[in-house]
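Trainee: Here it is: the structure, laid out below.
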Amino acid sequence: MARIKLKKLEEYLQGLDDFESPKIQLEQYITPPHIASNILYTIQSNFDDIEGKIVADLGCGSGMLAIGAFILGAAHVVGFEIDDGAIDVLRTNLDDMEIENVDVVQCDVTKLTCESNKIFDTVLLNPPFGTKNNAGMDMKFLLVAISLTNGAVYSLHKSSTRDFIKKKAGEWGLESQVVAELRYDLPSSYKFHKKDSKDIAVDFWRFEVKK
């Protein structure tokens, strides 16, 4: 069971700062508080994969998932992020909430590996969906994620890629399931966006690394 109510978790996450100048080349979009809180609450309530666990957040951005995991009782959280600006926002969020048990590592997630020492119990990621110049980036993130744990990986991917991801998960020796189907309300963040927001069909996946 989660240590706090879902509504309270969402309220905490709604108070976090967002990207000030999102970078299109990194596909920077904040994970909406409503989606983040429901994802994290499901991970803890249904699978007991956060409280007391060592958690990684790949491409942590402004810290929505990392901070949410801490609030739900993770023993320790490490966020990995390449962008200086995102890290500055994350650190501001941590300071504002007086959180000390979340570390931040600046790195290119796609070059991260920890095969010899899988220290994380749970890995979270809301990766770039692979649009624009980042084709296949979500799968690169996922491949790194499974190298960091002997436990579970939770990730978001476009529903249109479901069959492909299921196939790759089998090739990589993973137990996989779509935990939920979501409508991701992508806000207008860049000049080329013509609409205020756009709904994207997204799958919330759980991958279990076979020991």
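Lettering and numbering for the structure tokens are positional, with chains as A, B, ... in the shown order, residues counted from 1 in each chain, and ligands counted from 1 in the shown order.
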Would you kindly return, as a list in words, each protein, DNA or RNA residue with an atom no farther than 8 Å from any atom of Thr110 (chain A), considering only C-alpha atoms and excluding same-chain residues fewer than 2 positions away?
Mentor: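 Listed by chain and then number, they are Asp108, Leu112, Lys140, Phe141 and Val144 of chain A.
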Trainee: Got time to write the residues from that selection, N, CA, C and O atoms, as a PDB file, in the first residue's frame?
Mentor:
ATOM      1  N   ASP A 108      24.718  11.374 -20.279  1.00  0.00           N
ATOM      2  CA  ASP A 108      23.937  10.923 -21.417  1.00  0.00           C
ATOM      3  C   ASP A 108      23.423   9.529 -21.077  1.00  0.00           C
ATOM      4  O   ASP A 108      24.194   8.568 -21.002  1.00  0.00           O
ATOM      5  N   LEU A 112      24.958   5.182 -20.485  1.00  0.00           N
ATOM      6  CA  LEU A 112      25.043   4.715 -19.106  1.00  0.00           C
ATOM      7  C   LEU A 112      24.955   3.198 -19.064  1.00  0.00           C
ATOM      8  O   LEU A 112      24.125   2.587 -19.729  1.00  0.00           O
ATOM      9  N   LYS A 140      16.403   2.823 -26.784  1.00  0.00           N
ATOM     10  CA  LYS A 140      17.751   2.957 -26.226  1.00  0.00           C
ATOM     11  C   LYS A 140      17.680   3.179 -24.720  1.00  0.00           C
ATOM     12  O   LYS A 140      18.450   2.591 -23.945  1.00  0.00           O
ATOM     13  N   PHE A 141      16.751   4.035 -24.285  1.00  0.00           N
ATOM     14  CA  PHE A 141      16.554   4.265 -22.850  1.00  0.00           C
ATOM     15  C   PHE A 141      16.149   2.969 -22.151  1.00  0.00           C
ATOM     16  O   PHE A 141      16.652   2.647 -21.069  1.00  0.00           O
ATOM     17  N   VAL A 144      19.035   0.528 -21.672  1.00  0.00           N
ATOM     18  CA  VAL A 144      19.880   0.944 -20.552  1.00  0.00           C
ATOM     19  C   VAL A 144      19.194   0.619 -19.230  1.00  0.00           C
ATOM     20  O   VAL A 144      19.821   0.120 -18.286  1.00  0.00           O
TER      21      VAL A 144
END
Trainee: Report as number ranges by chain: the residues of region 38-119 of chain A with a DSSP assignment of alpha helix (DSSP H), based on the backbone of this structure.
Mentor: A: 38-47, 64-71, 84-96
Trainee: Deliver the residues from the most recent selection as a file, using N, CA and C atoms, as a PDB file, in the first residue's frame.
Mentor:
ATOM      1  N   ASN A  38      -0.592   9.003 -10.761  1.00  0.00           N
ATOM      2  CA  ASN A  38      -1.295   7.736 -10.959  1.00  0.00           C
ATOM      3  C   ASN A  38      -0.337   6.599 -11.285  1.00  0.00           C
ATOM      4  N   ILE A  39       0.682   6.888 -12.090  1.00  0.00           N
ATOM      5  CA  ILE A  39       1.688   5.873 -12.402  1.00  0.00           C
ATOM      6  C   ILE A  39       2.395   5.408 -11.134  1.00  0.00           C
ATOM      7  N   LEU A  40       2.906   6.363 -10.371  1.00  0.00           N
ATOM      8  CA  LEU A  40       3.664   6.029  -9.167  1.00  0.00           C
ATOM      9  C   LEU A  40       2.796   5.325  -8.136  1.00  0.00           C
ATOM     10  N   TYR A  41       1.573   5.784  -7.986  1.00  0.00           N
ATOM     11  CA  TYR A  41       0.666   5.172  -7.011  1.00  0.00           C
ATOM     12  C   TYR A  41       0.368   3.721  -7.399  1.00  0.00           C
ATOM     13  N   THR A  42       0.216   3.489  -8.698  1.00  0.00           N
ATOM     14  CA  THR A  42      -0.025   2.124  -9.174  1.00  0.00           C
ATOM     15  C   THR A  42       1.190   1.236  -8.938  1.00  0.00           C
ATOM     16  N   ILE A  43       2.376   1.767  -9.204  1.00  0.00           N
ATOM     17  CA  ILE A  43       3.610   0.993  -8.998  1.00  0.00           C
ATOM     18  C   ILE A  43       3.718   0.542  -7.548  1.00  0.00           C
ATOM     19  N   GLN A  44       3.431   1.442  -6.616  1.00  0.00           N
ATOM     20  CA  GLN A  44       3.548   1.097  -5.204  1.00  0.00           C
ATOM     21  C   GLN A  44       2.392   0.228  -4.724  1.00  0.00           C
ATOM     22  N   SER A  45       1.161   0.605  -5.065  1.00  0.00           N
ATOM     23  CA  SER A  45      -0.011  -0.098  -4.539  1.00  0.00           C
ATOM     24  C   SER A  45      -0.163  -1.499  -5.122  1.00  0.00           C
ATOM     25  N   ASN A  46       0.127  -1.652  -6.415  1.00  0.00           N
ATOM     26  CA  ASN A  46      -0.085  -2.942  -7.077  1.00  0.00           C
ATOM     27  C   ASN A  46       1.133  -3.856  -7.057  1.00  0.00           C
ATOM     28  N   PHE A  47       2.346  -3.261  -7.012  1.00  0.00           N
ATOM     29  CA  PHE A  47       3.547  -4.074  -7.156  1.00  0.00           C
ATOM     30  C   PHE A  47       4.559  -3.894  -6.025  1.00  0.00           C
ATOM     31  N   MET A  64       9.761  15.118 -11.731  1.00  0.00           N
ATOM     32  CA  MET A  64       8.398  14.712 -11.394  1.00  0.00           C
ATOM     33  C   MET A  64       8.333  13.285 -10.848  1.00  0.00           C
ATOM     34  N   LEU A  65       8.919  12.321 -11.556  1.00  0.00           N
ATOM     35  CA  LEU A  65       8.877  10.929 -11.115  1.00  0.00           C
ATOM     36  C   LEU A  65       9.823  10.674  -9.944  1.00  0.00           C
ATOM     37  N   ALA A  66      11.013  11.270  -9.992  1.00  0.00           N
ATOM     38  CA  ALA A  66      11.995  11.061  -8.927  1.00  0.00           C
ATOM     39  C   ALA A  66      11.464  11.565  -7.590  1.00  0.00           C
ATOM     40  N   ILE A  67      10.922  12.769  -7.587  1.00  0.00           N
ATOM     41  CA  ILE A  67      10.398  13.345  -6.345  1.00  0.00           C
ATOM     42  C   ILE A  67       9.155  12.593  -5.885  1.00  0.00           C
ATOM     43  N   GLY A  68       8.312  12.205  -6.825  1.00  0.00           N
ATOM     44  CA  GLY A  68       7.144  11.415  -6.468  1.00  0.00           C
ATOM     45  C   GLY A  68       7.518  10.099  -5.820  1.00  0.00           C
ATOM     46  N   ALA A  69       8.569   9.451  -6.343  1.00  0.00           N
ATOM     47  CA  ALA A  69       9.037   8.188  -5.753  1.00  0.00           C
ATOM     48  C   ALA A  69       9.539   8.414  -4.334  1.00  0.00           C
ATOM     49  N   PHE A  70      10.243   9.518  -4.120  1.00  0.00           N
ATOM     50  CA  PHE A  70      10.707   9.839  -2.766  1.00  0.00           C
ATOM     51  C   PHE A  70       9.520  10.031  -1.825  1.00  0.00           C
ATOM     52  N   ILE A  71       8.506  10.759  -2.264  1.00  0.00           N
ATOM     53  CA  ILE A  71       7.339  11.008  -1.425  1.00  0.00           C
ATOM     54  C   ILE A  71       6.644   9.700  -1.052  1.00  0.00           C
ATOM     55  N   ASP A  84      21.615  20.732 -18.402  1.00  0.00           N
ATOM     56  CA  ASP A  84      21.898  21.638 -17.284  1.00  0.00           C
ATOM     57  C   ASP A  84      20.640  22.339 -16.789  1.00  0.00           C
ATOM     58  N   GLY A  85      19.851  22.855 -17.728  1.00  0.00           N
ATOM     59  CA  GLY A  85      18.664  23.611 -17.341  1.00  0.00           C
ATOM     60  C   GLY A  85      17.672  22.773 -16.570  1.00  0.00           C
ATOM     61  N   ALA A  86      17.457  21.540 -17.025  1.00  0.00           N
ATOM     62  CA  ALA A  86      16.535  20.642 -16.329  1.00  0.00           C
ATOM     63  C   ALA A  86      17.039  20.329 -14.929  1.00  0.00           C
ATOM     64  N   ILE A  87      18.339  20.119 -14.809  1.00  0.00           N
ATOM     65  CA  ILE A  87      18.919  19.822 -13.497  1.00  0.00           C
ATOM     66  C   ILE A  87      18.759  21.012 -12.549  1.00  0.00           C
ATOM     67  N   ASP A  88      18.910  22.222 -13.071  1.00  0.00           N
ATOM     68  CA  ASP A  88      18.706  23.414 -12.233  1.00  0.00           C
ATOM     69  C   ASP A  88      17.278  23.462 -11.697  1.00  0.00           C
ATOM     70  N   VAL A  89      16.306  23.163 -12.559  1.00  0.00           N
ATOM     71  CA  VAL A  89      14.900  23.156 -12.112  1.00  0.00           C
ATOM     72  C   VAL A  89      14.681  22.061 -11.079  1.00  0.00           C
ATOM     73  N   LEU A  90      15.249  20.883 -11.330  1.00  0.00           N
ATOM     74  CA  LEU A  90      15.115  19.776 -10.384  1.00  0.00           C
ATOM     75  C   LEU A  90      15.686  20.151  -9.027  1.00  0.00           C
ATOM     76  N   ARG A  91      16.856  20.744  -9.010  1.00  0.00           N
ATOM     77  CA  ARG A  91      17.475  21.106  -7.732  1.00  0.00           C
ATOM     78  C   ARG A  91      16.667  22.177  -6.999  1.00  0.00           C
ATOM     79  N   THR A  92      16.068  23.093  -7.760  1.00  0.00           N
ATOM     80  CA  THR A  92      15.180  24.078  -7.142  1.00  0.00           C
ATOM     81  C   THR A  92      13.978  23.382  -6.505  1.00  0.00           C
ATOM     82  N   ASN A  93      13.405  22.417  -7.217  1.00  0.00           N
ATOM     83  CA  ASN A  93      12.275  21.666  -6.671  1.00  0.00           C
ATOM     84  C   ASN A  93      12.665  20.910  -5.407  1.00  0.00           C
ATOM     85  N   LEU A  94      13.853  20.313  -5.410  1.00  0.00           N
ATOM     86  CA  LEU A  94      14.325  19.592  -4.229  1.00  0.00           C
ATOM     87  C   LEU A  94      14.531  20.537  -3.050  1.00  0.00           C
ATOM     88  N   ASP A  95      15.113  21.692  -3.318  1.00  0.00           N
ATOM     89  CA  ASP A  95      15.329  22.680  -2.253  1.00  0.00           C
ATOM     90  C   ASP A  95      14.003  23.183  -1.702  1.00  0.00           C
ATOM     91  N   ASP A  96      13.066  23.488  -2.595  1.00  0.00           N
ATOM     92  CA  ASP A  96      11.774  24.014  -2.156  1.00  0.00           C
ATOM     93  C   ASP A  96      11.031  23.025  -1.264  1.00  0.00           C
TER      94      ASP A  96
END
Trainee: For Lys111 (chain A), work out the shell of residues within 12 Å, counting only C-alpha atoms and skipping chain neighbours fewer than 3 positions away, then give it as a compact mmCIF listing (two decimals) with all heavy atoms, in the first residue's frame.
Mentor:
# COMPACT_ATOMS: atom_id res chain seq x y z
N LEU A 58 15.49 7.65 -15.19
CA LEU A 58 16.31 7.95 -16.35
C LEU A 58 15.70 9.08 -17.17
O LEU A 58 14.52 9.00 -17.55
CB LEU A 58 16.48 6.71 -17.23
CG LEU A 58 17.07 5.46 -16.57
CD1 LEU A 58 17.34 4.39 -17.62
CD2 LEU A 58 18.33 5.78 -15.79
N PHE A 80 18.94 10.63 -13.42
CA PHE A 80 19.98 10.79 -14.45
C PHE A 80 19.45 11.72 -15.53
O PHE A 80 18.37 11.49 -16.08
CB PHE A 80 20.34 9.43 -15.05
CG PHE A 80 20.93 8.46 -14.07
CD1 PHE A 80 20.11 7.63 -13.32
CD2 PHE A 80 22.30 8.39 -13.88
CE1 PHE A 80 20.64 6.73 -12.40
CE2 PHE A 80 22.85 7.50 -12.96
CZ PHE A 80 22.01 6.66 -12.23
N GLU A 81 20.20 12.77 -15.83
CA GLU A 81 19.72 13.80 -16.75
C GLU A 81 20.91 14.45 -17.45
O GLU A 81 21.93 14.71 -16.83
CB GLU A 81 18.91 14.85 -15.98
CG GLU A 81 18.48 16.06 -16.78
CD GLU A 81 17.61 15.71 -17.98
OE1 GLU A 81 16.66 14.91 -17.82
OE2 GLU A 81 17.90 16.22 -19.08
N ILE A 82 20.76 14.73 -18.75
CA ILE A 82 21.85 15.31 -19.53
C ILE A 82 21.85 16.84 -19.52
O ILE A 82 22.90 17.46 -19.67
CB ILE A 82 21.77 14.80 -20.99
CG1 ILE A 82 23.08 15.11 -21.74
CG2 ILE A 82 20.56 15.37 -21.72
CD1 ILE A 82 23.15 14.46 -23.12
N GLN A 106 24.54 13.98 -13.79
CA GLN A 106 24.46 14.52 -15.15
C GLN A 106 25.20 13.59 -16.10
O GLN A 106 26.41 13.33 -15.93
CB GLN A 106 25.05 15.92 -15.22
CG GLN A 106 24.88 16.56 -16.59
CD GLN A 106 25.21 18.04 -16.61
OE1 GLN A 106 25.87 18.54 -15.72
NE2 GLN A 106 24.75 18.74 -17.63
N CYS A 107 24.49 13.08 -17.09
CA CYS A 107 25.11 12.15 -18.03
C CYS A 107 24.17 11.95 -19.23
O CYS A 107 23.00 12.32 -19.20
CB CYS A 107 25.39 10.80 -17.38
SG CYS A 107 23.89 9.88 -16.95
N ASP A 108 24.72 11.37 -20.28
CA ASP A 108 23.94 10.92 -21.42
C ASP A 108 23.42 9.53 -21.08
O ASP A 108 24.19 8.57 -21.00
CB ASP A 108 24.83 10.89 -22.66
CG ASP A 108 24.09 10.44 -23.92
OD1 ASP A 108 22.98 9.88 -23.80
OD2 ASP A 108 24.64 10.63 -25.02
N CYS A 114 25.64 -0.36 -16.22
CA CYS A 114 26.00 -0.80 -14.87
C CYS A 114 25.81 -2.32 -14.77
O CYS A 114 25.32 -2.83 -13.80
CB CYS A 114 25.13 -0.08 -13.84
SG CYS A 114 25.73 -0.16 -12.14
N MET A 137 14.88 6.39 -29.76
CA MET A 137 15.47 6.81 -28.50
C MET A 137 14.80 6.13 -27.30
O MET A 137 15.46 5.79 -26.31
CB MET A 137 15.39 8.33 -28.35
CG MET A 137 16.17 8.89 -27.16
SD MET A 137 17.96 8.56 -27.28
CE MET A 137 18.40 9.63 -28.65
N LYS A 140 16.40 2.82 -26.78
CA LYS A 140 17.75 2.96 -26.23
C LYS A 140 17.68 3.18 -24.72
O LYS A 140 18.45 2.59 -23.94
CB LYS A 140 18.49 4.11 -26.90
CG LYS A 140 18.82 3.87 -28.36
CD LYS A 140 19.53 5.06 -28.98
CE LYS A 140 19.84 4.84 -30.46
NZ LYS A 140 20.50 6.02 -31.07
N PHE A 141 16.75 4.03 -24.28
CA PHE A 141 16.55 4.26 -22.85
C PHE A 141 16.15 2.97 -22.15
O PHE A 141 16.65 2.65 -21.07
CB PHE A 141 15.48 5.33 -22.63
CG PHE A 141 15.99 6.74 -22.53
CD1 PHE A 141 16.68 7.32 -23.58
CD2 PHE A 141 15.78 7.49 -21.39
CE1 PHE A 141 17.15 8.63 -23.50
CE2 PHE A 141 16.23 8.80 -21.29
CZ PHE A 141 16.92 9.37 -22.35
N LEU A 143 16.70 -0.15 -23.04
CA LEU A 143 17.80 -1.10 -23.00
C LEU A 143 18.77 -0.77 -21.87
O LEU A 143 19.26 -1.66 -21.17
CB LEU A 143 18.52 -1.11 -24.34
CG LEU A 143 19.51 -2.25 -24.59
CD1 LEU A 143 18.84 -3.61 -24.43
CD2 LEU A 143 20.14 -2.13 -25.96
N VAL A 144 19.03 0.53 -21.67
CA VAL A 144 19.88 0.94 -20.55
C VAL A 144 19.19 0.62 -19.23
O VAL A 144 19.82 0.12 -18.29
CB VAL A 144 20.20 2.45 -20.64
CG1 VAL A 144 20.86 2.93 -19.35
CG2 VAL A 144 21.11 2.73 -21.82
N ALA A 145 17.90 0.89 -19.15
CA ALA A 145 17.17 0.66 -17.90
C ALA A 145 17.28 -0.78 -17.42
O ALA A 145 17.51 -1.04 -16.23
CB ALA A 145 15.70 1.04 -18.09
N SER A 147 19.61 -2.78 -17.95
CA SER A 147 20.99 -3.09 -17.56
C SER A 147 21.29 -2.63 -16.13
O SER A 147 22.33 -2.99 -15.58
CB SER A 147 21.99 -2.45 -18.53
OG SER A 147 22.17 -1.06 -18.25
Trainee: Write down as an MDAnalysis selection string the residues of region 122-166 of chain A whose backbone DSSP state falls under strand (DSSP E or B).
Mentor: chainID A and resid 122:125 149:158
Trainee: Using N, CA, C and O atoms, can you export the residues from the last selection as a short mmCIF file (atom, residue, chain, number, x, y, z; two decimals), in the first residue's frame?
Mentor:
data_model
loop_
_atom_site.label_atom_id
_atom_site.label_comp_id
_atom_site.auth_asym_id
_atom_site.auth_seq_id
_atom_site.Cartn_x
_atom_site.Cartn_y
_atom_site.Cartn_z
N THR A 122 14.33 -0.67 -8.74
CA THR A 122 13.30 -0.22 -9.67
C THR A 122 13.84 0.91 -10.53
O THR A 122 14.52 1.80 -10.03
N VAL A 123 13.54 0.87 -11.82
CA VAL A 123 13.94 1.95 -12.73
C VAL A 123 12.70 2.54 -13.38
O VAL A 123 11.85 1.81 -13.90
N LEU A 124 12.60 3.87 -13.33
CA LEU A 124 11.48 4.60 -13.92
C LEU A 124 11.98 5.39 -15.12
O LEU A 124 13.09 5.91 -15.11
N LEU A 125 11.15 5.50 -16.16
CA LEU A 125 11.52 6.36 -17.27
C LEU A 125 10.29 6.79 -18.06
O LEU A 125 9.38 6.01 -18.28
N THR A 149 19.15 -3.02 -13.40
CA THR A 149 18.36 -3.63 -12.34
C THR A 149 18.15 -5.13 -12.57
O THR A 149 18.16 -5.61 -13.70
N ASN A 150 17.95 -5.83 -11.46
CA ASN A 150 17.46 -7.21 -11.51
C ASN A 150 16.01 -7.24 -11.06
O ASN A 150 15.48 -8.30 -10.72
N GLY A 151 15.39 -6.06 -11.01
CA GLY A 151 14.01 -5.95 -10.55
C GLY A 151 13.08 -5.56 -11.68
O GLY A 151 12.97 -6.26 -12.68
N ALA A 152 12.43 -4.40 -11.52
CA ALA A 152 11.40 -3.99 -12.47
C ALA A 152 11.72 -2.64 -13.11
O ALA A 152 12.34 -1.77 -12.49
N VAL A 153 11.29 -2.51 -14.36
CA VAL A 153 11.41 -1.26 -15.10
C VAL A 153 10.00 -0.81 -15.47
O VAL A 153 9.19 -1.62 -15.95
N TYR A 154 9.71 0.47 -15.27
CA TYR A 154 8.42 1.04 -15.63
C TYR A 154 8.66 2.16 -16.63
O TYR A 154 9.48 3.05 -16.39
N SER A 155 7.93 2.11 -17.76
CA SER A 155 8.22 3.05 -18.83
C SER A 155 6.95 3.41 -19.61
O SER A 155 5.98 2.64 -19.62
N LEU A 156 6.98 4.58 -20.24
CA LEU A 156 5.89 5.03 -21.09
C LEU A 156 6.32 4.98 -22.55
O LEU A 156 7.42 5.44 -22.88
N HIS A 157 5.45 4.45 -23.41
CA HIS A 157 5.74 4.37 -24.84
C HIS A 157 4.46 4.60 -25.62
O HIS A 157 3.36 4.27 -25.15
N LYS A 158 4.59 5.14 -26.82
CA LYS A 158 3.41 5.35 -27.66
C LYS A 158 2.72 4.01 -27.93
O LYS A 158 3.38 3.00 -28.22
#
Trainee: Mind checking which residues fall within 10 Å of region 169-174 of chain A, counting only C-alpha atoms, ignoring those fewer than 2 positions away in the same chain, and posting them as a PyMOL selection string?
Mentor: chain A and resi 142-143+146+152-153+163-167+176-177+206-211
Trainee: Could those selected residues go to a file with N, CA and C atoms, as a compact mmCIF listing (two decimals), in the first residue's frame?
Mentor:
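Final output, out_29.txt:
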# COMPACT_ATOMS: atom_id res chain seq x y z
N LEU A 142 15.23 2.24 -22.77
CA LEU A 142 14.75 1.00 -22.16
C LEU A 142 15.85 -0.03 -22.03
N LEU A 143 16.70 -0.15 -23.04
CA LEU A 143 17.80 -1.10 -23.00
C LEU A 143 18.77 -0.77 -21.87
N ILE A 146 17.15 -1.74 -18.34
CA ILE A 146 17.20 -3.14 -17.92
C ILE A 146 18.62 -3.57 -17.56
N ALA A 152 12.43 -4.40 -11.52
CA ALA A 152 11.40 -3.99 -12.47
C ALA A 152 11.72 -2.64 -13.11
N VAL A 153 11.29 -2.51 -14.36
CA VAL A 153 11.41 -1.26 -15.10
C VAL A 153 10.00 -0.81 -15.47
N ASP A 163 3.20 -3.60 -30.32
CA ASP A 163 3.62 -4.91 -30.83
C ASP A 163 5.14 -5.01 -30.94
N PHE A 164 5.76 -3.94 -31.39
CA PHE A 164 7.22 -3.93 -31.53
C PHE A 164 7.89 -4.07 -30.16
N ILE A 165 7.38 -3.33 -29.17
CA ILE A 165 7.98 -3.39 -27.83
C ILE A 165 7.80 -4.77 -27.21
N LYS A 166 6.63 -5.35 -27.40
CA LYS A 166 6.38 -6.69 -26.87
C LYS A 166 7.38 -7.69 -27.48
N LYS A 167 7.63 -7.56 -28.76
CA LYS A 167 8.57 -8.45 -29.44
C LYS A 167 9.98 -8.27 -28.90
N SER A 176 6.88 -8.88 -19.68
CA SER A 176 6.34 -7.55 -19.94
C SER A 176 4.83 -7.54 -19.88
N GLN A 177 4.28 -6.40 -19.48
CA GLN A 177 2.83 -6.23 -19.49
C GLN A 177 2.49 -4.75 -19.62
N ARG A 206 5.20 -2.34 -17.61
CA ARG A 206 6.06 -2.90 -16.57
C ARG A 206 6.87 -4.02 -17.19
N PHE A 207 8.19 -3.95 -17.03
CA PHE A 207 9.10 -4.98 -17.51
C PHE A 207 9.81 -5.58 -16.30
N GLU A 208 9.81 -6.89 -16.23
CA GLU A 208 10.49 -7.57 -15.13
C GLU A 208 11.69 -8.32 -15.67
N VAL A 209 12.86 -8.00 -15.11
CA VAL A 209 14.09 -8.64 -15.54
C VAL A 209 14.16 -10.03 -14.93
N LYS A 210 14.27 -11.05 -15.77
CA LYS A 210 14.34 -12.42 -15.29
C LYS A 210 15.69 -12.67 -14.62
N LYS A 211 15.65 -13.15 -13.40
CA LYS A 211 16.87 -13.40 -12.64
C LYS A 211 17.49 -14.74 -13.05
Trainee: To one decimal place in Å, what is the distance between CA of Pro127 (chain A) and CA of Val202 (chain A)?
Mentor: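 Answer for the CA of Pro127 (chain A) to CA of Val202 (chain A) separation: 11.7 Å.
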Trainee: What's the separation between CA of Leu148 (chain A) and CA of Thr113 (chain A), in Å to one decimal place?
Mentor: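 Distance reported for this atom pair: 6.8 Å.
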Trainee: If you measure from CA of His76 (chain A) to CA of Ile54 (chain A), what distance in Å do you get, rounded to one decimal?
Mentor: 4.9 Å
Trainee: Write out as a count of residues only each polymer residue whose atoms come within 8 Å of Ala74 (chain A), counting only C-alpha atoms; drop sequence neighbours fewer than 6 positions from it.
Mentor: 6
